[in-house]
Amino acid sequence: MELRYCTKCLYPDTKPGLRFNEKGICDACVWAEKKDKIDWNLRKKEFEKLIEQYRCLDGSRYDCIVPVSGGKDSHFQVHVMKDLYGMNPLCVNFVPIDLIPLGRKNIENLKNQGVDYIEFTPNPKVYRKMEKYGLTELGDANWPEHVGIFTVPVQVAVAYKIPLIVWGENPQAEYGGSGVTEVLDRKWLEQFGGFWLDKVNPVSIMMNLGVEKRHLKPYVYPSDEEIRQIGIKGIFLGQYFKYDIEKQLETVEKLGFSRNPELKEGTYTNWENLDTKYTGMHDYFKWVKYGFGRATDHASLDIRSGKINREEGLKLVKQYEGKIPEKYFEDFLNDMEITRDEFYAIVDKFTNKALFKKDKLGNLLRDNDGNLEKIQYDNL
Ligand SMILES: [Zn+2]
């Protein structure tokens, strides 16, 4: 199978939902150019008009929900809503059970910006079962997290009757895809959230595995009726403000956000997905499924912003991407109750075999560290 890569950045055509134009340039690159031409002042005015409709003048409820993890995006969202616009947000965090101390530190720093904050911690036994199902059946051990971060803030919006939910960037815009819309709702999630409420319904799946419905409440998206009654609207801040990672990092570091002291496994940056142990595993499975990982995402962003050229990006990708994240690997095997060989068998199951080197019998080749070798890194 011949891979086709974007001629500007490093995205391959195996990236789900990614489209190329006649010049061989991908959506994400086209969007990045469009971003420069957008009248961001006008967008800002639209934003200001919109949030005024939701500001609670008598102080009887919160002005909006800000779903947070404690990361750089969360800090930025809180900064915009609270510091720039004087809103009183309720921050809601669905905390994965594999939180590490740096994640906790950033959460405390976020709270200390001066906001009310609800921390939802899911039942660890159910969560672990979902992780295991996610790993073995979906090739994504972070499945319960990907569901919970989108369901629980909306549940809290319903419970507290808060009609506005302010999400951060739109990943469809920043990382390519056709879901560049203004609103985040159930439809967006089903199409682009990587979270398939209908196709992969967490409740029915886990009930089939013997988990009672009452233990699956965190993973249920509120009904259309509940959403309609309160008039809940979910917006992306990235729709109204030009997202520039370097500037954003500068802002949030001034607010006390801490980067990882070392580079994040699988990429060459230290500012993202720092809060839990197993996010690197998610990136690794993305790599075996589609032939690209987080280093490709970051290099492509840096190419688009002119920070590096395509050649330098390719070098970084080759250097950092596609290795099993070793730092918490033993913990991961223990938590998933699998051996290293069983892990390889699961990896094989999700690997797009056309993208990696095989022996004469068609078995995937692994080096001494258990890593696969990708065949084609660029257009031929
Ligand atoms: Zn591109």
# chains A, B, ... in the order shown; residues from 1 in each chain; ligands from 1
$ residues_near_ligand --ligand "ligand 1" --cutoff "7 Å" --atoms "only C-alpha atoms and all ligand atoms" --output "list in words"
Cys6, Thr7, Lys8, Cys9, Leu10, Tyr11, Ile25, Cys26, Asp27, Ala28, Cys29 and Ser300 of chain A
$ closest_atom_pairs --of "range 274-342 of chain A" --to "range 352-372 of chain A" --cutoff "9 Å" --atoms "only C-alpha atoms" --output "Markdown table"
| residue | atom | partner | partner_atom | distance |
| --- | --- | --- | --- | --- |
| A:Val288 | CA | A:Asn352 | CA | 6.3 |
| A:Lys289 | CA | A:Asn352 | CA | 5.2 |
| A:Tyr290 | CA | A:Asn352 | CA | 6.7 |
| A:Gly291 | CA | A:Leu355 | CA | 6.6 |
| A:Gly322 | CA | A:Asn371 | CA | 7.4 |
| A:Lys323 | CA | A:Asn371 | CA | 5.8 |
| A:Ile324 | CA | A:Asn371 | CA | 6.5 |
$ select_by_dssp --residues "range 49-290 of chain A" --states "helix (DSSP H, G or I)" --output "number ranges by chain"
A: 49-52, 72-84, 101-111, 124-138, 143-160, 171-174, 186-192, 202-208, 213-215, 217-219, 224-230, 237-239, 245-254, 279-290
$ select_by_dssp --residues "range 193-336 of chain A" --states "strand (DSSP E)" --output "list of chain:residue names"
A:Lys233, A:Gly234, A:Ile235, A:Phe236
$ atom_distance --atom1 "CA of Val166 in chain A" --atom2 "CA of Leu102 in chain A"
24.3 Å
$ atom_distance --atom1 "CA of Val156 in chain A" --atom2 "CA of Pro124 in chain A"
20.0 Å
$ atom_distance --atom1 "CA of Arg43 in chain A" --atom2 "CA of Tyr240 in chain A"
5.0 Å
$ closest_residue --among "A:Ser60, A:Asn270, A:Gln53, A:Thr351" --to "Lys161 in chain A" --atoms "only C-alpha atoms"
A:Ser60
$ residues_around --residues "Pro96 in chain A" --least-positions-apart "5" --cutoff "8 Å" --atoms "only C-alpha atoms" --output "PyMOL selection string"
chain A and resi 121-122+145+276
$ residues_around --residues "Asn123 in chain A" --least-positions-apart "2" --cutoff "12 Å" --atoms "only C-alpha atoms" --output "short mmCIF file (atom, residue, chain, number, x, y, z; two decimals) with N, CA and C atoms, in the first residue's frame"
data_model
loop_
_atom_site.label_atom_id
_atom_site.label_comp_id
_atom_site.auth_asym_id
_atom_site.auth_seq_id
_atom_site.Cartn_x
_atom_site.Cartn_y
_atom_site.Cartn_z
N PHE A 94 -13.32 15.59 34.67
CA PHE A 94 -13.45 14.14 34.77
C PHE A 94 -12.03 13.61 34.86
N VAL A 95 -11.65 13.13 36.04
CA VAL A 95 -10.25 12.79 36.25
C VAL A 95 -10.00 11.30 36.03
N PRO A 96 -9.17 10.98 35.06
CA PRO A 96 -8.82 9.57 34.84
C PRO A 96 -8.14 9.01 36.09
N ILE A 97 -8.20 7.71 36.28
CA ILE A 97 -7.66 7.16 37.53
C ILE A 97 -6.13 7.08 37.52
N PHE A 120 -14.72 15.16 39.21
CA PHE A 120 -15.47 13.91 39.15
C PHE A 120 -14.48 12.78 39.00
N THR A 121 -14.47 11.88 39.99
CA THR A 121 -13.59 10.71 39.85
C THR A 121 -14.45 9.46 39.70
N LYS A 125 -12.96 0.62 39.54
CA LYS A 125 -13.13 -0.76 39.08
C LYS A 125 -13.80 -0.79 37.70
N VAL A 126 -14.83 0.03 37.56
CA VAL A 126 -15.54 0.10 36.28
C VAL A 126 -14.62 0.70 35.22
N TYR A 127 -13.91 1.77 35.62
CA TYR A 127 -13.00 2.46 34.70
C TYR A 127 -11.95 1.49 34.16
N ARG A 128 -11.38 0.69 35.06
CA ARG A 128 -10.33 -0.26 34.65
C ARG A 128 -10.89 -1.28 33.65
N LYS A 129 -12.11 -1.75 33.94
CA LYS A 129 -12.73 -2.70 33.00
C LYS A 129 -12.90 -2.07 31.63
N MET A 130 -13.27 -0.79 31.63
CA MET A 130 -13.46 -0.11 30.35
C MET A 130 -12.13 0.10 29.64
N PRO A 144 -12.41 5.08 28.25
CA PRO A 144 -13.31 5.69 29.25
C PRO A 144 -13.05 7.17 29.47
N GLY A 148 -15.72 10.07 29.11
CA GLY A 148 -16.06 10.83 30.33
C GLY A 148 -15.80 12.32 30.23
N VAL A 211 -21.49 -5.32 33.68
CA VAL A 211 -21.51 -4.15 34.55
C VAL A 211 -22.95 -3.60 34.58
N ARG A 214 -26.47 1.08 36.48
CA ARG A 214 -26.32 2.13 37.50
C ARG A 214 -24.87 2.51 37.74
N HIS A 215 -23.94 1.64 37.36
CA HIS A 215 -22.52 1.96 37.53
C HIS A 215 -21.92 2.64 36.30
N LEU A 216 -22.77 2.89 35.32
CA LEU A 216 -22.26 3.46 34.06
C LEU A 216 -22.75 4.88 33.82
N LYS A 217 -23.32 5.47 34.85
CA LYS A 217 -23.90 6.80 34.69
C LYS A 217 -22.91 7.86 34.17
N PRO A 218 -21.63 7.81 34.57
CA PRO A 218 -20.72 8.85 34.05
C PRO A 218 -20.58 8.83 32.53
N TYR A 219 -20.91 7.72 31.91
CA TYR A 219 -20.62 7.56 30.49
C TYR A 219 -21.85 7.76 29.61
#
$ closest_residue --among "A:Phe350, A:Phe150, A:Tyr62, A:Tyr221" --to "Pro163 in chain A" --atoms "only C-alpha atoms"
A:Tyr62
$ residues_around --residues "Lys72 in chain A" --least-positions-apart "6" --cutoff "8 Å" --atoms "only C-alpha atoms" --output "PyMOL selection string"
chain A and resi 248-249+252+257+271-272
$ closest_residue --among "A:Glu137, A:Asp378, A:Asp297, A:Asp275" --to "Val200 in chain A" --atoms "only C-alpha atoms"
A:Glu137
$ residues_around --residues "range 44-50 of chain A" --least-positions-apart "2" --cutoff "10 Å" --atoms "only C-alpha atoms" --output "PyMOL selection string"
chain A and resi 39-42+52-55+85+164+235+237+239-242
$ closest_residue --among "A:Leu263, A:Leu380, A:Met281, A:Leu274" --to "Gly139 in chain A" --atoms "only C-alpha atoms"
A:Met281
$ residues_around --residues "Gln229 in chain A" --least-positions-apart "4" --cutoff "12 Å" --atoms "only C-alpha atoms" --output "PyMOL selection string"
chain A and resi 157-159+161-163+222-225+233
